[in-house]
$ cat input36.cif   # mmCIF, C-alpha atoms and all ligand atoms
data_entry
#
loop_
_atom_site.label_atom_id
_atom_site.label_comp_id
_atom_site.auth_asym_id
_atom_site.auth_seq_id
_atom_site.Cartn_x
_atom_site.Cartn_y
_atom_site.Cartn_z
CA MET L 243 114.00 148.76 83.30
CA ARG L 244 116.79 146.34 82.60
CA LYS L 245 115.68 143.04 81.11
CA ASN L 246 117.53 139.91 82.21
CA LEU L 247 118.07 136.65 80.45
CA ILE L 248 118.17 134.00 83.19
CA ILE L 249 119.34 130.53 82.20
CA PHE L 250 119.15 127.59 84.60
CA ILE L 251 121.25 124.55 83.67
CA ASP L 252 120.56 121.55 85.89
CA ALA L 253 123.78 120.01 87.26
CA PHE L 254 126.36 122.29 85.62
CA PRO L 255 129.32 121.85 88.02
CA PHE L 256 131.20 124.94 89.19
CA GLY L 257 134.45 123.22 88.20
CA SER L 258 133.30 122.81 84.60
CA LEU L 259 133.22 126.58 84.02
CA GLU L 260 136.98 126.34 83.64
CA GLY L 261 137.79 126.02 79.99
CA THR L 262 134.47 127.31 78.63
CA ALA L 263 135.03 129.86 75.88
CA PHE L 264 132.13 132.12 76.84
CA LEU L 265 130.78 131.50 80.36
CA ALA L 266 134.25 131.74 81.93
CA THR L 267 134.71 135.21 80.44
CA LEU L 268 131.63 136.75 82.06
CA PRO L 269 132.52 139.49 84.58
CA SER L 270 131.14 137.74 87.70
CA ARG L 271 131.45 134.17 88.86
CA ALA L 272 130.33 132.54 92.12
CA LYS L 273 130.10 129.09 93.64
CA ILE L 274 126.72 127.78 94.80
CA ARG L 275 126.52 125.50 97.83
CA PRO L 276 123.39 123.46 97.21
CA GLY L 277 120.97 122.60 99.99
CA PHE L 278 120.13 119.07 101.07
CA GLY L 279 118.70 116.57 98.64
CA TYR L 280 118.11 116.63 94.90
CA SER L 281 117.19 119.23 92.30
CA VAL L 282 113.54 119.28 93.27
CA ASN L 283 114.56 120.73 96.66
CA VAL L 284 117.53 122.82 95.54
CA LYS L 285 115.33 124.62 92.99
CA ALA L 286 112.95 125.66 95.81
CA GLU L 287 115.98 127.11 97.63
CA LEU L 288 117.36 128.90 94.56
CA PHE L 289 114.11 130.40 93.29
CA GLY L 290 112.05 130.65 96.49
CA GLY L 291 114.61 130.77 99.32
CA LEU L 292 112.79 127.74 100.75
CA LYS L 293 114.66 124.98 102.55
CA PRO L 294 112.73 121.68 102.69
CA ASP L 295 111.04 122.52 106.04
CA ALA L 296 109.66 125.72 104.48
CA ALA L 297 108.93 124.15 101.10
CA GLY L 298 107.01 121.34 102.83
CA TYR L 299 108.66 118.38 101.11
CA LEU L 300 111.91 116.43 100.92
CA CYS L 301 112.73 114.48 97.75
CA GLU L 302 110.22 113.69 95.02
CA TRP L 303 108.41 110.89 96.86
CA THR L 304 107.69 110.35 100.52
CA TYR L 305 105.92 107.95 102.84
CA ASP L 306 102.52 109.38 103.67
CA PRO L 307 100.01 107.40 105.78
CA ASP L 308 97.23 109.43 104.11
CA SER L 309 98.41 109.02 100.53
CA ALA L 310 95.65 109.21 97.92
CA LEU L 311 97.18 106.09 96.32
CA ARG L 312 96.27 104.04 99.41
CA LYS L 313 92.93 102.92 98.04
CA LEU L 314 94.80 101.34 95.12
CA GLN L 315 97.06 99.25 97.35
CA PRO L 316 95.12 95.98 96.80
CA LEU L 317 95.64 96.44 93.07
CA PHE L 318 99.35 97.22 93.51
CA THR L 319 99.68 94.16 95.75
CA ALA L 320 98.29 92.00 92.95
CA LEU L 321 100.92 93.43 90.59
CA ARG L 322 103.61 91.85 92.75
CA LEU L 323 102.96 88.71 90.70
CA PHE L 324 104.88 90.46 87.93
CA SER L 325 107.87 91.51 90.02
CA HIS L 326 110.08 88.77 88.51
CA PRO L 327 112.02 88.86 86.34
CA TYR L 328 113.30 92.41 86.83
CA LEU L 329 112.61 93.55 83.27
CA LEU L 330 108.96 92.51 83.52
CA ASP L 331 108.74 94.47 86.78
CA ARG L 332 110.16 97.54 85.01
CA VAL L 333 107.59 97.22 82.22
CA VAL L 334 104.70 96.94 84.69
CA HIS L 335 106.02 99.99 86.60
CA LYS L 336 106.10 101.92 83.33
CA ILE L 337 102.51 100.96 82.51
CA VAL L 338 101.34 101.95 86.01
CA SER L 339 103.21 105.29 85.63
CA LYS L 340 101.31 105.94 82.38
CA ILE L 341 97.94 105.09 83.91
CA LEU L 342 98.51 107.16 87.08
CA ARG L 343 100.12 109.95 85.03
CA GLN L 344 102.97 110.14 87.49
CA ASN L 345 106.29 108.38 87.41
CA VAL L 346 106.29 105.66 90.08
CA PHE L 347 109.85 104.73 89.10
CA ASN L 348 110.60 101.37 90.70
CA ILE L 349 108.83 101.83 94.02
CA PRO L 350 107.93 98.35 95.31
CA PHE L 351 104.32 97.44 94.52
CA ASP L 352 103.71 95.92 97.96
CA ARG L 353 103.97 99.47 99.46
CA LEU L 354 103.39 101.89 96.57
CA GLY L 355 99.99 102.94 97.94
CA HIS L 356 101.65 104.28 101.10
CA TYR L 357 103.87 106.72 99.25
CA ARG L 358 103.04 110.05 97.70
CA LYS L 359 104.73 112.28 95.16
CA THR L 360 105.41 115.58 96.90
CA GLY L 361 108.18 117.47 95.18
CA CYS L 362 107.63 119.92 92.33
CA ALA L 363 110.11 122.16 90.50
CA ALA L 364 109.88 125.75 91.78
CA TYR L 365 109.45 127.20 88.28
CA GLU L 366 106.43 125.03 87.41
CA GLN L 367 102.95 126.50 87.65
CA THR L 368 101.89 123.82 90.11
CA PHE L 369 104.48 124.96 92.69
CA ASP L 370 102.37 126.36 95.50
CA LYS L 371 104.76 128.68 97.39
CA PRO L 372 105.94 132.20 96.50
CA THR L 373 109.00 132.30 94.25
CA LEU L 374 110.89 134.75 92.09
CA PHE L 375 108.42 133.89 89.34
CA THR L 376 105.36 134.82 91.37
CA GLU L 377 106.97 137.88 92.99
CA VAL L 378 108.26 139.44 89.78
CA ASP L 379 105.65 140.11 87.10
CA GLY L 380 105.99 139.15 83.50
CA ILE L 381 108.87 136.65 83.48
CA ARG L 382 108.58 134.69 80.22
CA MET L 383 109.21 131.03 81.06
CA VAL L 384 110.78 128.66 78.53
CA ARG L 385 110.82 125.26 80.21
CA TYR L 386 112.25 121.92 79.15
CA SER L 387 109.35 120.09 80.81
CA LYS L 388 107.19 120.99 77.80
CA TYR L 389 109.30 118.76 75.56
CA ARG L 390 109.72 114.99 75.55
CA THR L 391 112.82 114.65 73.38
CA ASP L 392 115.78 116.85 72.47
CA ARG L 393 114.67 119.07 75.31
CA ASP L 394 117.58 121.52 75.64
CA ASN L 395 117.76 122.26 71.92
CA SER L 396 113.99 122.74 71.83
CA VAL L 397 114.25 125.23 74.71
CA PHE L 398 116.93 127.28 72.93
CA ASP L 399 114.89 127.21 69.68
CA GLU L 400 111.80 128.39 71.53
CA ALA L 401 113.77 131.16 73.28
CA HIS L 402 115.05 132.44 69.91
CA ARG L 403 111.47 132.48 68.62
CA VAL L 404 110.27 134.35 71.71
CA LEU L 405 112.96 136.99 71.16
CA GLU L 406 111.90 137.41 67.54
CA ALA L 407 108.16 137.51 68.06
CA GLU L 408 107.35 138.72 71.57
CA ASN L 409 107.89 141.93 73.50
CA ASP L 410 105.58 141.54 76.41
CA TYR L 411 107.95 140.22 79.08
CA SER L 412 110.01 141.66 81.92
CA HIS L 413 112.69 138.97 81.82
CA ILE L 414 113.18 135.62 80.09
CA PHE L 415 113.87 132.44 82.08
CA LEU L 416 115.09 129.17 80.54
CA SER L 417 115.30 125.82 82.32
CA LEU L 418 117.50 123.08 80.86
CA ALA L 419 117.83 119.48 82.02
CA ASP L 420 119.71 117.27 79.57
CA LEU L 421 123.18 117.76 81.09
CA ASP L 422 122.10 116.12 84.37
CA ALA L 423 120.81 112.99 82.62
CA LEU L 424 123.87 112.80 80.37
CA MET L 425 126.26 112.97 83.33
CA HIS L 426 124.37 110.21 85.18
CA ARG L 427 124.54 107.98 82.11
CA GLN L 428 127.94 108.76 80.65
CA GLY L 429 129.93 110.21 83.54
CA MET L 430 132.20 113.22 83.58
CA ASN L 431 135.19 111.59 81.97
CA SER L 432 133.45 111.23 78.65
CA ALA L 433 133.66 113.01 75.33
CA ALA L 434 129.86 113.34 75.40
CA PHE L 435 130.08 115.36 78.61
CA ARG L 436 132.78 117.68 77.29
CA GLU L 437 130.87 118.20 74.03
CA LYS L 438 127.65 118.96 75.89
CA ILE L 439 129.36 121.61 78.07
CA GLN L 440 130.80 123.18 74.94
CA ALA L 441 127.43 123.08 73.14
CA LEU L 442 125.66 124.74 76.09
CA ASP L 443 128.37 127.40 76.28
CA GLN L 444 127.86 128.23 72.59
CA GLN L 445 124.06 128.14 72.78
CA VAL L 446 124.05 130.52 75.74
CA GLU L 447 126.43 132.89 73.94
CA LYS L 448 124.28 132.88 70.80
CA LEU L 449 121.05 133.57 72.67
CA TRP L 450 122.69 136.28 74.78
CA SER L 451 123.97 137.95 71.65
CA GLN L 452 120.42 138.06 70.20
CA PHE L 453 119.03 139.25 73.55
CA ARG L 454 121.57 142.05 73.79
CA LYS L 455 120.90 143.19 70.25
CA LYS L 456 117.21 143.52 71.05
CA HIS L 457 117.48 145.10 74.49
CA ARG L 458 119.91 147.93 74.98
CA ASP L 459 119.87 147.51 78.75
CA ALA L 460 120.27 143.77 79.23
CA GLY L 461 121.67 141.43 81.85
CA LEU L 462 122.65 137.77 81.74
CA ILE L 463 122.49 135.32 84.65
CA VAL L 464 123.42 131.67 84.22
CA LEU L 465 123.17 129.28 87.15
CA SER L 466 122.95 125.63 88.15
CA ASP L 467 121.68 123.80 91.22
CA HIS L 468 124.51 121.39 92.00
CA GLY L 469 127.61 119.65 90.70
CA MET L 470 128.27 115.94 90.41
CA ALA L 471 130.69 113.31 91.73
CA PRO L 472 131.93 110.21 89.89
CA VAL L 473 130.36 107.03 91.30
CA THR L 474 132.98 104.73 92.76
CA ASP L 475 131.03 102.26 94.92
CA THR L 476 127.58 100.81 95.49
CA VAL L 477 125.63 99.60 98.52
CA SER L 478 122.74 97.17 98.50
CA VAL L 479 120.26 97.41 101.37
CA LYS L 480 117.35 95.10 101.99
CA LEU L 481 115.97 96.05 105.38
CA GLU L 482 113.35 93.28 105.14
CA ASN L 483 116.06 90.61 105.47
CA LYS L 484 117.07 92.04 108.81
CA PHE L 485 113.92 93.63 110.24
CA GLY L 486 111.06 91.72 108.63
CA PRO L 487 108.43 93.01 106.19
CA SER L 488 108.14 96.78 105.82
CA ARG L 489 104.60 97.87 106.72
CA PRO L 490 103.03 101.04 108.09
CA ASP L 491 102.55 99.41 111.52
CA THR L 492 106.20 98.35 111.77
CA TYR L 493 108.51 100.53 109.70
CA MET L 494 108.53 102.13 106.30
CA TYR L 495 111.47 103.33 104.25
CA PHE L 496 112.31 104.95 100.94
CA ILE L 497 115.61 104.62 99.06
CA ASP L 498 116.73 107.40 96.72
CA ALA L 499 120.12 107.20 94.99
CA THR L 500 122.07 108.51 98.00
CA ILE L 501 119.49 108.99 100.76
CA LEU L 502 117.54 106.45 102.79
CA ARG L 503 114.64 107.72 104.89
CA ALA L 504 112.92 105.49 107.44
CA TRP L 505 109.76 105.97 109.50
CA SER L 506 108.75 104.00 112.57
CA ARG L 507 106.83 104.65 115.79
CA ASP L 508 109.05 102.10 117.51
CA SER L 509 112.16 104.01 118.57
CA ASN L 510 114.01 100.77 119.42
CA LEU L 511 113.49 99.62 115.86
CA THR L 512 114.60 103.02 114.51
CA ASN L 513 117.77 102.74 116.61
CA SER L 514 118.43 99.22 115.30
CA ILE L 515 118.00 100.40 111.69
CA GLU L 516 120.37 103.29 112.40
CA GLN L 517 122.96 100.94 113.81
CA TYR L 518 122.61 98.58 110.84
CA LEU L 519 122.99 101.40 108.30
CA THR L 520 125.95 102.93 110.12
CA GLU L 521 127.71 99.56 110.21
CA LEU L 522 127.55 99.40 106.42
CA GLY L 523 130.47 101.85 106.63
CA HIS L 524 129.38 104.04 103.73
CA GLY L 525 127.46 106.90 105.30
CA GLN L 526 125.84 108.45 108.35
CA VAL L 527 122.46 109.08 109.87
CA LEU L 528 122.05 112.85 110.16
CA SER L 529 122.00 114.29 113.68
CA GLN L 530 119.22 116.63 114.84
CA GLU L 531 121.68 119.57 114.60
CA GLU L 532 122.49 118.67 111.00
CA ARG L 533 118.82 118.31 110.14
CA LYS L 534 118.16 121.74 111.59
CA ARG L 535 121.04 123.26 109.62
CA TYR L 536 119.88 121.72 106.33
CA GLY L 537 116.26 122.69 107.04
CA ILE L 538 115.03 119.09 107.15
CA SER L 539 113.84 118.95 110.78
CA SER L 540 110.25 117.95 110.03
CA ALA L 541 109.42 114.49 111.41
CA ARG L 542 107.40 113.89 108.23
CA PHE L 543 110.69 113.68 106.33
CA GLY L 544 111.68 110.58 108.29
CA ASP L 545 112.44 109.45 111.81
CA LEU L 546 115.82 108.70 110.38
CA ILE L 547 117.63 110.20 107.37
CA PHE L 548 120.72 108.34 106.22
CA LEU L 549 123.09 109.90 103.68
CA LEU L 550 125.75 108.01 101.74
CA ASP L 551 129.37 109.14 101.43
CA GLU L 552 130.56 110.89 98.29
CA GLY L 553 130.71 108.57 95.27
CA VAL L 554 128.55 105.80 96.77
CA VAL L 555 125.04 104.97 95.50
CA PHE L 556 122.30 102.57 96.56
CA ILE L 557 121.76 99.81 94.02
CA PRO L 558 118.99 98.96 93.75
CA SER L 559 117.11 102.05 94.85
CA PHE L 560 113.42 102.81 94.39
CA PHE L 561 114.49 104.29 91.06
CA GLY L 562 115.83 101.06 89.61
CA LYS L 563 118.98 99.02 89.28
CA ARG L 564 120.83 101.11 86.76
CA PHE L 565 124.39 102.02 87.71
CA PRO L 566 124.94 105.77 87.27
CA LEU L 567 128.46 106.91 86.41
CA ALA L 568 128.03 110.17 88.31
CA MET L 569 125.71 111.29 91.10
CA HIS L 570 124.76 114.26 93.27
CA GLY L 571 122.75 114.56 96.46
CA TYR L 572 125.76 114.20 98.76
CA ARG L 573 126.79 116.59 101.53
CA SER L 574 126.55 120.10 100.16
CA GLU L 575 129.92 121.10 101.63
CA LEU L 576 131.74 118.80 99.18
CA GLU L 577 133.56 120.58 96.35
CA SER L 578 132.14 118.17 93.78
CA GLN L 579 128.60 119.25 94.67
CA ALA L 580 129.11 122.98 94.03
CA GLY L 581 126.90 124.59 91.42
CA MET L 582 127.66 127.84 89.61
CA LEU L 583 126.35 131.35 89.16
CA VAL L 584 127.83 133.59 86.46
CA SER L 585 126.58 136.96 85.35
CA SER L 586 127.18 140.00 83.23
CA GLU L 587 126.24 141.94 86.38
CA SER L 588 128.30 142.27 89.52
CA LEU L 589 127.50 139.82 92.32
CA THR L 590 127.68 140.57 96.03
CA ALA L 591 129.76 137.48 96.92
CA ASP L 592 131.85 134.78 95.27
CA GLU L 593 130.09 132.00 97.15
CA PHE L 594 126.39 131.62 97.91
CA THR L 595 124.25 129.07 99.68
CA SER L 596 121.31 128.18 97.46
CA THR L 597 118.84 130.11 99.64
CA ARG L 598 121.02 133.23 99.35
CA VAL L 599 120.99 132.86 95.58
CA PHE L 600 117.26 133.64 95.77
CA GLU L 601 118.01 137.00 97.46
CA GLU L 602 120.72 137.73 94.91
CA LEU L 603 118.47 136.94 91.94
CA ARG L 604 115.72 139.08 93.39
CA ARG L 605 118.17 141.94 93.89
CA ILE L 606 119.42 141.70 90.31
CA VAL L 607 116.04 141.44 88.58
CA THR L 608 114.49 144.25 90.61
CA GLN L 609 117.49 146.54 91.06
CA GLU L 610 116.19 149.39 88.92
CA LEU L 611 113.07 149.42 91.04
CA GLN L 612 115.16 149.71 94.19
CA VAL L 613 117.24 152.66 93.02
CA GLY L 614 114.14 154.38 91.68
CA THR L 615 115.06 154.57 88.01
CA TYR L 616 112.17 152.45 86.81
CA ALA L 617 110.61 153.94 83.73
ZN ZN R 701 120.38 114.20 88.62
#
$ encode --input "input36.cif" --output "structure tokens"
Amino acid sequence: MRKNLIIFIDAFPFGSLEGTAFLATLPSRAKIRPGFGYSVNVKAELFGGLKPDAAGYLCEWTYDPDSALRKLQPLFTALRLFSHPYLLDRVVHKIVSKILRQNVFNIPFDRLGHYRKTGCAAYEQTFDKPTLFTEVDGIRMVRYSKYRTDRDNSVFDEAHRVLEAENDYSHIFLSLADLDALMHRQGMNSAAFREKIQALDQQVEKLWSQFRKKHRDAGLIVLSDHGMAPVTDTVSVKLENKFGPSRPDTYMYFIDATILRAWSRDSNLTNSIEQYLTELGHGQVLSQEERKRYGISSARFGDLIFLLDEGVVFIPSFFGKRFPLAMHGYRSELESQAGMLVSSESLTADEFTSTRVFEELRRIVTQELQVGTYA
């Protein structure tokens, strides 16, 4: 059976394939239209065919009236004493993240107990829905999440070691993450970005060369989840100034970099929040049709989901005040948001939605089984 080397590179834009010495020369190339939201959701689409409604979560954190953190709310409320100055607040958030063993980013302490971390990358063992990795036996996973620093290089080193020392795998899967962080920090018009693309291109070529030497019948698949757009504008939203304190009995909200979700049983209040957000002039509240199309219909994801226009970010968001130079999580139809899929094998289309990528990957990694030549 053919063995495939599958390499996932978070945030590698389709447009950046142009000019790569190796990836651009592979026989097949396709554009990926990501689903709604951030990597944590797009990965569930790519590797499990699961839109958020089917995956059961939208974004990494959500409002949840039954959150397990609720019993800690009195403690979090006391920590509000440390919410000024901003740097002290950041330090206290970091300490709380360490104690809870989950990153609480910069979620306001006066409401932290009402939120819950829901998202999980589809290739992690804790992901609880069927994926390519549970359907296909013996995929050797080499994940960045195991490493704290120099993650991508560590992943490539580990993959080389696996190729030298192990034989007991059907395919090898690598997940890489440093490009995404670099683009947020340094933007796409930077030497660091160009060098990183070049380095990844060379590292993939080197690993593929070793893989092909070892396995006579070998395939290569390289893919990403989304692209990136330069950040050109910011919006600051403080709903409390307009609608009073945010509480479970009035309204709750969560601000990601480009998405604001709000929950309220009071539909008049929801309408007023919608009007206020729309009047900011930088984005739209998604209609029910759009929510259905993106697979984000569930009422648990918000009574209202507001998405910013391309290039605009919320500052501050519940992730902090840092200004990113590039961002994703905009409408998936935008060219800037397109991810990529390249392969040594032939592909059935030159453009895929992320859920269709799952079908395509499954077809490629099991194709010998389908034509009955498995030996
Ligand atoms: Zn990102």
$ residues_near_ligand --input "input36.cif" --ligand "ligand ZN 701 (chain R)" --cutoff "10 Å" --atoms "only C-alpha atoms and all ligand atoms" --output "PyMOL selection string"
chain L and resi 252-253+280-282+419-427+468-470+499+566+568-571
$ atom_distance --input "input36.cif" --atom1 "CA of Ile439 (chain L)" --atom2 "CA of Ser258 (chain L)"
7.7 Å
$ closest_residue --input "input36.cif" --among "L:His457, L:Arg353, L:His524, L:Arg604" --to "Asn409 (chain L)" --atoms "only C-alpha atoms"
L:His457
$ residues_around --input "input36.cif" --residues "region 336-338 of chain L" --least-positions-apart "6" --cutoff "8 Å" --atoms "only C-alpha atoms" --output "VMD selection string"
chain L and resid 345 to 347
$ write_last_selection --input "input36.cif" --atoms "C-alpha atoms" --output "mmCIF file, in the frame of the given file"
data_model
loop_
_atom_site.group_PDB
_atom_site.id
_atom_site.type_symbol
_atom_site.label_atom_id
_atom_site.label_comp_id
_atom_site.auth_asym_id
_atom_site.auth_seq_id
_atom_site.Cartn_x
_atom_site.Cartn_y
_atom_site.Cartn_z
ATOM 1 C CA ASN L 345 106.290 108.380 87.410
ATOM 2 C CA VAL L 346 106.290 105.660 90.080
ATOM 3 C CA PHE L 347 109.850 104.730 89.100
#
$ closest_residue --input "input36.cif" --among "L:Leu576, L:Leu314, L:Val333, L:Val397" --to "His356 (chain L)" --atoms "all atoms listed in the file"
L:Leu314
$ decode --input "input36.cif" --residues "region 243-255 of chain L" --atoms "N, CA and C atoms" --output "compact mmCIF listing (two decimals), in the first residue's frame"
# COMPACT_ATOMS: atom_id res chain seq x y z
N MET L 243 0.84 -1.20 0.00
CA MET L 243 0.00 0.00 0.00
C MET L 243 0.88 1.26 0.00
N ARG L 244 0.44 2.23 -0.74
CA ARG L 244 1.22 3.46 -0.80
C ARG L 244 1.24 4.16 0.56
N LYS L 245 2.42 4.63 0.93
CA LYS L 245 2.53 5.40 2.17
C LYS L 245 2.60 6.88 1.81
N ASN L 246 1.85 7.68 2.55
CA ASN L 246 1.83 9.12 2.28
C ASN L 246 2.48 9.91 3.41
N LEU L 247 3.18 10.94 3.00
CA LEU L 247 3.71 11.92 3.93
C LEU L 247 2.76 13.12 3.86
N ILE L 248 2.06 13.39 4.95
CA ILE L 248 1.07 14.47 4.96
C ILE L 248 1.60 15.59 5.87
N ILE L 249 1.73 16.76 5.33
CA ILE L 249 2.30 17.87 6.11
C ILE L 249 1.31 19.03 6.16
N PHE L 250 0.89 19.36 7.39
CA PHE L 250 -0.06 20.46 7.58
C PHE L 250 0.71 21.69 8.10
N ILE L 251 0.60 22.78 7.34
CA ILE L 251 1.29 24.02 7.73
C ILE L 251 0.23 25.09 8.01
N ASP L 252 0.03 25.39 9.28
CA ASP L 252 -0.98 26.37 9.67
C ASP L 252 -0.71 27.71 8.97
N ALA L 253 -1.74 28.21 8.29
CA ALA L 253 -1.72 29.58 7.73
C ALA L 253 -0.87 29.79 6.48
N PHE L 254 -0.45 28.73 5.81
CA PHE L 254 0.33 28.95 4.57
C PHE L 254 -0.65 29.43 3.49
N PRO L 255 -0.52 30.69 3.03
CA PRO L 255 -1.50 31.21 2.07
C PRO L 255 -1.32 30.59 0.69
